[in-house]
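Asker: The following block contains the structure, expressed as C-alpha cells.
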Amino acid sequence: MNIALIGYGKMGQAIESIAIEKGHQVVLKIDINNASEFNKENICNADVAIEFTGPHSALNNVMKCLEMGIPVVCGSTGWLDKWEEAKNYCKNQDGSLLYASNYSIGVNLFFEINKYVAELMSSHPDYNVLMEEIHHTQKKDAPSGTAITLAEQVLSFIKQKKQWVNENTHNHEDLEIISKRIDPAPGTHIIKYTSSVDDIEIIHTAHNRVGFAGGAVLAAEFLFQKKGIFSMKDVLGL
C-alpha cells in the first residue's frame, strides 16, 4: 500500500517506521516546510493519506484529500466542532474518511471499559466522578481528544453530570477534567469515582507512541479500497 503522510512530526515519523516495517511504502511526506507540495500531482500515487497535524489545519487537510479522491485517516484532535462539515463533504465526494481521537488499540479497548464502568456507576449517585489527563508539553489541545471522548461516554450514563469542564469545579453538575502537561509523558487518562467510603479508578497509561502509530497504520489498511465514514470501532470490530 502507498501512503501519504500529512504531518511529519514525531507521530508522522513513528507511523512511517511502522508502515515500512509492515511492507508499505511512504510516497509523500508533508510538513510545514513543504506545504506547497500537498497537491494532486504529488499525492496521486497514494492509496491512502494519514493526517496528523493540529486543530487549525486538520479540516482543510481532510477536505483537500477528499477533494483529490484520496481516502484519509485523520488523527488530529481539537477540531471536532467542524466534524459534521467534514462528514457531509466526504459523503458529497463519495469519499473515504476514518477518524479517531486515539488510534491505540489499548485506548480503544479502554473506551469500552469506560462505558461499562460508567453504566455500572450510574445507579450509585453517592460517587462523584472526575477525570485527569497527562500529556507532554508539545500537546496542542487541552483537554485531549481522548479525554473528551471518555468524558462524553461518562456523560451519556452519569445523568447528574450535565457537561465537562477543563478546570477545578465545585459545581456538582460539571464533570471536572484536569489537564497536566509534563514531559516526556505520551499520555495518561484517569477516570476516578470517589465517595466517602472508597474510590474506584480506571487508568490507561501509554509508554510511547508505538501504540498510536501502529493503530493508525492498521486503520489505513482497513480503509484501503473502502468507501464511507468509519472509526476505530469498525477497525477493531467493537
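To be explicit about the labels: the chains of the C-alpha cells are called A, B, and onward in the order shown, and within each one the residues are counted from 1, while ligands get numbers from 1 in the order they are shown.
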Within 8 Å of Ile178 in chain A, counting only C-alpha atoms, which residues show up once you throw out same-chain ones fewer than 5 positions away? Write them as a list in words, please.
Answerer: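 In the requested format, the answer is Met131, Glu132, Glu133, Pro143, Asn166, Glu167 and Asn168 of chain A.
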Asker: Deliver the residues from the most recent selection as a file, using N, CA and C atoms, as a PDB file, in the first residue's frame.
Answerer:
```pdb
ATOM      1  N   MET A 131     -12.024  13.459  36.215  1.00  0.00           N
ATOM      2  CA  MET A 131     -11.036  12.927  35.278  1.00  0.00           C
ATOM      3  C   MET A 131      -9.747  13.732  35.332  1.00  0.00           C
ATOM      4  N   GLU A 132      -8.671  13.055  34.928  1.00  0.00           N
ATOM      5  CA  GLU A 132      -7.365  13.718  34.795  1.00  0.00           C
ATOM      6  C   GLU A 132      -6.676  13.168  33.556  1.00  0.00           C
ATOM      7  N   GLU A 133      -6.002  14.041  32.821  1.00  0.00           N
ATOM      8  CA  GLU A 133      -5.197  13.572  31.681  1.00  0.00           C
ATOM      9  C   GLU A 133      -3.846  14.259  31.711  1.00  0.00           C
ATOM     10  N   PRO A 143      -8.675  19.896  26.955  1.00  0.00           N
ATOM     11  CA  PRO A 143      -8.249  18.526  27.218  1.00  0.00           C
ATOM     12  C   PRO A 143      -7.958  17.774  25.924  1.00  0.00           C
ATOM     13  N   ASN A 166     -12.924  21.986  31.737  1.00  0.00           N
ATOM     14  CA  ASN A 166     -11.479  21.740  31.811  1.00  0.00           C
ATOM     15  C   ASN A 166     -10.854  22.590  32.924  1.00  0.00           C
ATOM     16  N   GLU A 167     -11.333  22.362  34.156  1.00  0.00           N
ATOM     17  CA  GLU A 167     -10.864  23.134  35.311  1.00  0.00           C
ATOM     18  C   GLU A 167     -11.402  22.500  36.578  1.00  0.00           C
ATOM     19  N   ASN A 168     -10.832  22.914  37.727  1.00  0.00           N
ATOM     20  CA  ASN A 168     -11.416  22.523  39.005  1.00  0.00           C
ATOM     21  C   ASN A 168     -12.789  23.168  39.150  1.00  0.00           C
TER      22      ASN A 168
END
```
Asker: Distance table requested - range 27-135 of chain A against range 194-200 of chain A, cut-off 10 Å, only C-alpha atoms: one row per qualifying residue with the closest atom pair and its distance in Å to one decimal, ordered by chain and rising residue number, as CSV.
Answerer:
```
residue,atom,partner,partner_atom,distance
A:Val117,CA,A:Ile200,CA,9.7
A:Met121,CA,A:Ile200,CA,10.0
A:His124,CA,A:Ser195,CA,10.0
A:Pro125,CA,A:Ser195,CA,9.4
A:Asp126,CA,A:Ser195,CA,6.2
A:Tyr127,CA,A:Ser195,CA,4.8
A:Asn128,CA,A:Thr194,CA,5.3
A:Val129,CA,A:Thr194,CA,6.4
A:Leu130,CA,A:Thr194,CA,8.2
```
Asker: Which residue is closest to Asn39 in chain A? Choose from A:Gln163, A:Thr149, A:Ser96, A:Asn61 and count only C-alpha atoms.
Answerer: A:Asn61
Asker: When you count only C-alpha atoms, which of these residues is closest to Ile70 in chain A: A:Tyr116, A:Phe224, A:Trp83, A:Phe157?
Answerer: A:Phe224
Asker: As a PyMOL selection string, please: the residues near range 23-38 of chain A (cut-off 6 Å, only C-alpha atoms, same-chain neighbours under 2 positions excluded).
Answerer: chain A and resi 1-8+19-21
Asker: Which range 113-186 of chain A residues have any atom within 9 Å of an atom of range 98-104 of chain A, and for each, what is the nearest pair of atoms with distance in Å to one decimal, counting only C-alpha atoms, rows sorted by chain and number, as CSV?
Answerer:
```
residue,atom,partner,partner_atom,distance
A:Ser144,CA,A:Ser101,CA,8.3
A:Gly145,CA,A:Ser101,CA,5.1
A:Thr146,CA,A:Ser101,CA,5.3
A:Ala147,CA,A:Ser101,CA,8.8
A:Ile148,CA,A:Ser101,CA,8.6
A:Thr149,CA,A:Ser101,CA,7.3
```
Asker: For the residues in the current selection, export N, CA and C atoms as a compact mmCIF listing (two decimals), in the first residue's frame.
Answerer:
```txt
# COMPACT_ATOMS: atom_id res chain seq x y z
N SER A 144 -7.32 16.65 26.05
CA SER A 144 -7.01 15.84 24.88
C SER A 144 -8.28 15.33 24.22
N GLY A 145 -8.18 14.99 22.95
CA GLY A 145 -9.32 14.39 22.25
C GLY A 145 -9.76 13.10 22.91
N THR A 146 -8.80 12.34 23.40
CA THR A 146 -9.13 11.10 24.09
C THR A 146 -9.92 11.38 25.36
N ALA A 147 -9.50 12.41 26.11
CA ALA A 147 -10.21 12.78 27.34
C ALA A 147 -11.64 13.21 27.03
N ILE A 148 -11.82 13.95 25.95
CA ILE A 148 -13.17 14.39 25.56
C ILE A 148 -14.04 13.19 25.22
N THR A 149 -13.49 12.23 24.47
CA THR A 149 -14.24 11.01 24.15
C THR A 149 -14.64 10.29 25.43
```
Asker: Could you pull out the strand (DSSP E) residues of range 83-148 of chain A, going by DSSP on the backbone, and write them as a list in words?
Answerer: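 Taking range 83-148 of chain A and keeping strand (DSSP E) gives Ser96, Leu97, Leu98, Tyr99, Asn128, Val129, Leu130, Met131, Glu132, Glu133, Ile134 and His135 of chain A.
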Asker: Name the residues in contact with Lys40 in chain A at a cut-off of 12 Å, using only C-alpha atoms, excluding same-chain residues fewer than 6 positions from it; report them as a PyMOL selection string.
Answerer: chain A and resi 4+28+46+64-70
Asker: At a cut-off of 12 Å, using only C-alpha atoms, what residues contact Lys161 in chain A? Leave out same-chain residues fewer than 5 positions from it and give the result as a PyMOL selection string.
Answerer: chain A and resi 118+122+125+127-130+151-156+171-176
